[in-house]
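upload-v3.txt (compact mmCIF, C-alpha atoms) appears below.
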# COMPACT_ATOMS: atom_id res chain seq x y z
CA MET A 1 138.66 88.14 97.78
CA SER A 2 137.23 90.14 100.67
CA ASP A 3 136.04 92.88 98.27
CA PHE A 4 134.24 90.29 96.15
CA PHE A 5 132.64 88.75 99.24
CA GLY A 6 131.54 92.21 100.39
CA LEU A 7 130.03 92.92 96.97
CA LYS A 8 128.06 89.65 97.11
CA LEU A 9 126.71 90.57 100.53
CA PHE A 10 125.78 94.05 99.31
CA LEU A 11 123.94 92.66 96.26
CA ALA A 12 122.18 90.08 98.43
CA PHE A 13 121.05 92.88 100.76
CA ILE A 14 119.64 94.83 97.80
CA VAL A 15 117.74 91.78 96.49
CA CYS A 16 116.35 90.96 99.94
CA SER A 17 115.37 94.59 100.51
CA LEU A 18 113.52 94.74 97.21
CA PHE A 19 111.76 91.46 97.96
CA LEU A 20 110.69 92.55 101.43
CA SER A 21 109.54 95.93 100.14
CA GLU A 22 107.37 94.29 97.54
CA THR A 23 105.80 91.62 99.72
CA HIS A 24 105.16 93.85 102.73
CA SER A 25 103.96 96.96 100.90
CA GLN A 26 100.52 97.47 102.43
CA ILE A 27 99.96 101.17 101.63
CA VAL A 28 98.84 101.53 98.01
CA SER A 29 97.67 104.85 96.53
CA GLY A 30 96.65 106.14 99.96
CA ASN A 31 94.82 102.90 100.89
CA ALA A 32 95.82 100.67 103.81
CA PHE A 33 95.48 96.89 103.64
CA LEU A 34 95.31 95.04 106.96
CA LYS A 35 95.87 91.29 107.10
CA GLY A 36 95.39 89.09 110.16
CA ASN A 37 95.38 85.31 110.10
CA PHE A 38 91.59 85.14 109.72
CA VAL A 39 90.50 88.69 108.80
CA GLU A 40 91.47 91.07 105.99
CA VAL A 41 90.36 94.70 105.74
CA GLY A 42 90.82 97.47 103.20
CA LEU A 43 90.80 101.08 104.43
CA GLY A 44 90.27 103.81 101.85
CA PRO A 45 92.06 107.19 101.74
CA CYS A 46 89.03 108.91 103.34
CA GLY A 47 88.94 106.57 106.34
CA ALA A 48 85.94 104.57 105.07
CA PHE A 49 86.30 100.81 104.74
CA ALA A 50 86.75 99.39 101.21
CA SER A 51 89.79 100.17 99.15
CA THR A 52 89.64 102.37 96.07
CA VAL A 53 92.29 100.21 94.35
CA ALA A 54 92.97 96.49 93.97
CA ALA A 55 94.36 94.59 96.96
CA PRO A 56 98.02 93.50 96.83
CA ALA A 57 98.96 89.90 96.09
CA GLY A 58 98.37 87.53 98.99
CA TYR A 59 94.99 88.98 99.97
CA HIS A 60 91.58 87.43 99.28
CA PRO A 61 89.47 90.17 97.62
CA ARG A 62 85.96 89.19 96.69
CA GLY A 63 84.24 92.39 95.69
CA SER A 64 81.28 92.41 93.33
CA GLY A 65 81.84 89.57 90.91
CA GLY A 66 82.53 91.02 87.48
CA SER A 67 82.27 94.66 88.54
CA SER A 68 85.15 97.10 88.65
CA SER A 69 85.47 96.53 92.41
CA SER A 70 86.02 92.76 92.12
CA ASN A 71 89.69 93.03 93.17
CA GLN A 72 89.13 95.73 95.76
CA LEU A 73 88.94 94.81 99.42
CA GLY A 74 86.43 95.78 102.07
CA PHE A 75 86.19 93.10 104.76
CA VAL A 76 86.54 89.33 104.41
CA ALA A 77 86.85 86.73 107.17
CA ASP A 78 87.55 83.05 107.76
CA PRO A 79 85.33 82.55 110.84
CA ALA A 80 85.93 78.78 110.87
CA GLN A 81 89.66 79.50 111.22
CA ASP A 82 90.43 76.51 109.01
CA GLY A 83 92.30 78.29 106.22
CA TRP A 84 91.21 80.50 103.33
CA THR A 85 90.81 77.56 100.93
CA MET A 86 89.03 75.10 103.26
CA GLY A 87 85.39 74.55 104.22
CA ASN A 88 82.08 75.52 102.68
CA PRO A 89 82.14 78.43 102.35
CA ASN A 90 85.93 78.69 102.33
CA TYR A 91 85.60 82.23 103.70
CA VAL A 92 82.90 84.86 104.08
CA GLY A 93 82.48 88.22 102.38
CA ASP A 94 83.16 90.70 101.05
CA TYR A 95 80.86 92.41 103.57
CA PHE A 96 81.02 95.94 102.16
CA LEU A 97 81.56 95.91 98.39
CA PRO A 98 78.74 93.94 96.70
CA GLY A 99 75.92 95.84 95.02
CA THR A 100 76.02 99.56 95.77
CA PRO A 101 78.74 99.73 98.44
CA GLU A 102 77.51 101.39 101.62
CA GLU A 103 80.07 101.85 104.36
CA GLY A 104 81.23 105.10 105.83
CA TRP A 105 81.30 107.53 108.69
CA GLY A 106 80.42 111.09 109.45
CA MET A 107 80.41 113.96 111.90
CA SER A 108 77.64 116.32 112.91
CA ILE A 109 79.02 119.56 114.34
CA ASN A 110 76.58 122.08 115.71
CA GLY A 111 73.95 121.12 113.14
CA THR A 112 76.23 120.75 110.09
CA ASN A 113 76.77 117.25 108.71
CA TYR A 114 79.95 115.92 107.07
CA ASN A 115 80.29 112.45 105.52
CA ASN A 116 83.00 110.18 104.09
CA ASN A 117 81.25 107.29 102.37
CA LEU A 118 80.68 105.17 99.23
CA ILE A 119 84.30 104.02 98.69
CA CYS A 120 85.34 107.66 99.21
CA GLY A 121 82.96 108.85 96.48
CA THR A 122 81.67 111.19 99.18
CA ASN A 123 84.65 112.80 100.89
CA GLU A 124 83.71 115.86 102.97
CA ILE A 125 86.23 115.42 105.80
CA PRO A 126 89.81 115.98 104.59
CA GLY A 127 92.47 113.61 105.86
CA SER A 128 94.71 110.66 105.08
CA ILE A 129 96.26 107.50 106.45
CA ILE A 130 99.21 108.62 108.56
CA SER A 131 100.67 105.35 109.86
CA TYR A 132 100.76 101.58 109.39
CA ASN A 133 102.16 99.19 111.98
CA THR A 134 102.61 95.44 112.37
CA SER A 135 103.67 93.34 115.32
CA SER A 136 103.33 89.74 116.45
CA ALA A 137 100.11 90.73 118.24
CA GLU A 138 98.29 92.96 115.74
CA VAL A 139 98.32 94.91 112.49
CA SER A 140 96.99 98.49 112.42
CA ALA A 141 96.53 101.64 110.37
CA THR A 142 95.68 105.15 111.55
CA TRP A 143 93.68 107.74 109.60
CA GLN A 144 93.72 111.39 110.66
CA GLY A 145 91.77 114.41 109.42
CA SER A 146 90.01 117.56 110.54
CA VAL A 147 86.80 119.47 110.00
CA GLY A 148 84.93 122.25 111.79
CA GLY A 149 87.67 122.87 114.35
CA LEU A 150 87.94 119.18 115.28
CA SER A 151 90.81 116.78 114.73
CA ILE A 152 89.63 113.18 114.16
CA THR A 153 92.02 110.27 114.61
CA SER A 154 90.76 106.79 113.74
CA ARG A 155 92.95 103.78 114.51
CA THR A 156 91.83 100.43 113.04
CA TYR A 157 93.54 97.24 114.17
CA ILE A 158 93.19 93.47 113.77
CA PRO A 159 94.37 91.29 116.68
CA ILE A 160 96.39 88.79 114.68
CA ASN A 161 94.32 85.68 115.51
CA SER A 162 90.91 87.36 115.83
CA VAL A 163 87.83 87.02 113.62
CA TYR A 164 87.01 90.73 114.06
CA PHE A 165 88.64 94.13 113.75
CA VAL A 166 88.41 97.20 116.01
CA THR A 167 88.29 100.93 115.28
CA GLU A 168 89.16 103.46 118.01
CA VAL A 169 88.17 107.07 117.32
CA THR A 170 89.63 110.10 119.13
CA ILE A 171 88.09 113.55 118.58
CA LEU A 172 89.97 116.65 119.73
CA ASN A 173 88.85 120.28 119.71
CA THR A 174 91.75 122.18 118.11
CA SER A 175 89.98 125.55 118.04
CA ALA A 176 90.10 128.30 120.65
CA ALA A 177 86.34 128.15 121.29
CA ASP A 178 83.85 125.65 122.66
CA ILE A 179 82.17 123.44 120.05
CA SER A 180 78.64 122.22 120.80
CA ASN A 181 76.47 119.34 119.60
CA VAL A 182 79.20 117.05 118.32
CA TYR A 183 78.18 113.59 117.06
CA TYR A 184 80.10 110.78 115.37
CA MET A 185 78.33 108.11 113.34
CA ARG A 186 79.22 105.04 111.28
CA ASN A 187 76.88 103.15 108.96
CA VAL A 188 77.07 100.02 106.84
CA ASP A 189 74.84 97.89 104.65
CA PRO A 190 76.48 94.46 104.98
CA ASP A 191 76.09 92.07 102.03
CA GLN A 192 78.35 89.25 103.16
CA GLY A 193 76.31 86.57 101.39
CA GLN A 194 76.28 88.03 97.89
CA SER A 195 79.83 87.05 96.94
CA THR A 196 80.12 84.03 99.23
CA PRO A 197 80.03 80.69 97.36
CA SER A 198 76.78 78.71 97.81
CA ALA A 199 75.01 81.86 99.03
CA GLY A 200 74.93 84.25 96.08
CA ALA A 201 72.23 86.56 97.38
CA PHE A 202 72.08 89.83 99.25
CA GLN A 203 71.63 88.07 102.56
CA THR A 204 72.08 89.98 105.79
CA THR A 205 71.85 87.64 108.76
CA ASN A 206 73.54 89.29 111.72
CA SER A 207 73.48 89.03 115.49
CA VAL A 208 73.91 92.10 117.69
CA VAL A 209 76.28 90.73 120.31
CA PHE A 210 76.63 93.95 122.29
CA GLN A 211 75.14 97.43 122.14
Starting from the file, give its structure as structure tokens.
Amino acid sequence: MSDFFGLKLFLAFIVCSLFLSETHSQIVSGNAFLKGNFVEVGLGPCGAFASTVAAPAGYHPRGSGGSSSSNQLGFVADPAQDGWTMGNPNYVGDYFLPGTPEEGWGMSINGTNYNNNLICGTNEIPGSIISYNTSSAEVSATWQGSVGGLSITSRTYIPINSVYFVTEVTILNTSAADISNVYYMRNVDPDQGQSTPSAGAFQTTNSVVFQ
């Protein structure tokens, strides 16, 4: 009787483990998918925002209509905080994927430029996503790579109830020599209105809150 009971517990553990693995698997083909209560973000293998593959079940991808990126995820938000199916529009975005996707980052090192951009179509800085973490306060993923004697670590996190996400970048000289004229840049062409119901155009209406 005890052996049978132990077998049932063991099988139940296997089933629960498989279920949890499936529903919480947020690293897919080198992409990280971050999900807060009101913001969802896809991070590609090169550290640029917008996934190169479809988002897992439970996310709200709204890429470029009928294009190949329609199930990929860049950045969507529910700024009204009333639920992903409520309101008009029900949620906003995708910000990065409509049209010709333009989101990425780069380094300029002593006059030489390196870029990771265009859903990782341009990938000149080698690296990968090295960690993914969740807690009751936030969800985060960290990308790390190196180029020109510099190590670049980029941690992106969503405070769980926020309507924004944050990226912290750390650059470390790993060479034995001084490195001059180092610049980091990030650029985006936001098209949050194109895929948003009742908008349907490449509208870019933004407010610079802080600079």
*For the point (90.8, 115.7, 113.1) in file coordinates, what residues are within 9 Å, counting only C-alpha atoms? Give the answer as an MDAnalysis selection string?*
chainID A and resid 125:127 144:154 170:174
Surrounding residues of Gly47 (chain A) excluding itself and chain neighbours under 3 positions, 8 Å, all atoms listed in the file, as a compact mmCIF listing (two decimals) with C-alpha atoms, keeping the file's coordinate frame:
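Writing the result to part_25.txt gives the following:
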# COMPACT_ATOMS: atom_id res chain seq x y z
CA LEU A 43 90.80 101.08 104.43
CA GLY A 44 90.27 103.81 101.85
CA GLY A 104 81.23 105.10 105.83
CA ASN A 116 83.00 110.18 104.09
CA GLY A 127 92.47 113.61 105.86
CA SER A 128 94.71 110.66 105.08
CA ILE A 129 96.26 107.50 106.45
CA TRP A 143 93.68 107.74 109.60
CA SER A 154 90.76 106.79 113.74
*May I have the residues within 9 Å of Ser51 (chain A) as JSON, numbers by chain, using only C-alpha atoms and disregarding those fewer than 2 positions away in the same chain?*
{"A": [31, 32, 33, 41, 42, 43, 44, 45, 48, 49, 53, 54, 55, 69, 72, 73, 74, 119, 120]}
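Each of A:Glu138, A:Asp94, A:Phe38, A:Thr52 was compared to Gln192 (chain A) using all atoms listed in the file, and A:Asp94 turns out to be the nearest.
CA of Tyr91 (chain A) is found 13.8 Å from CA of Asp191 (chain A).
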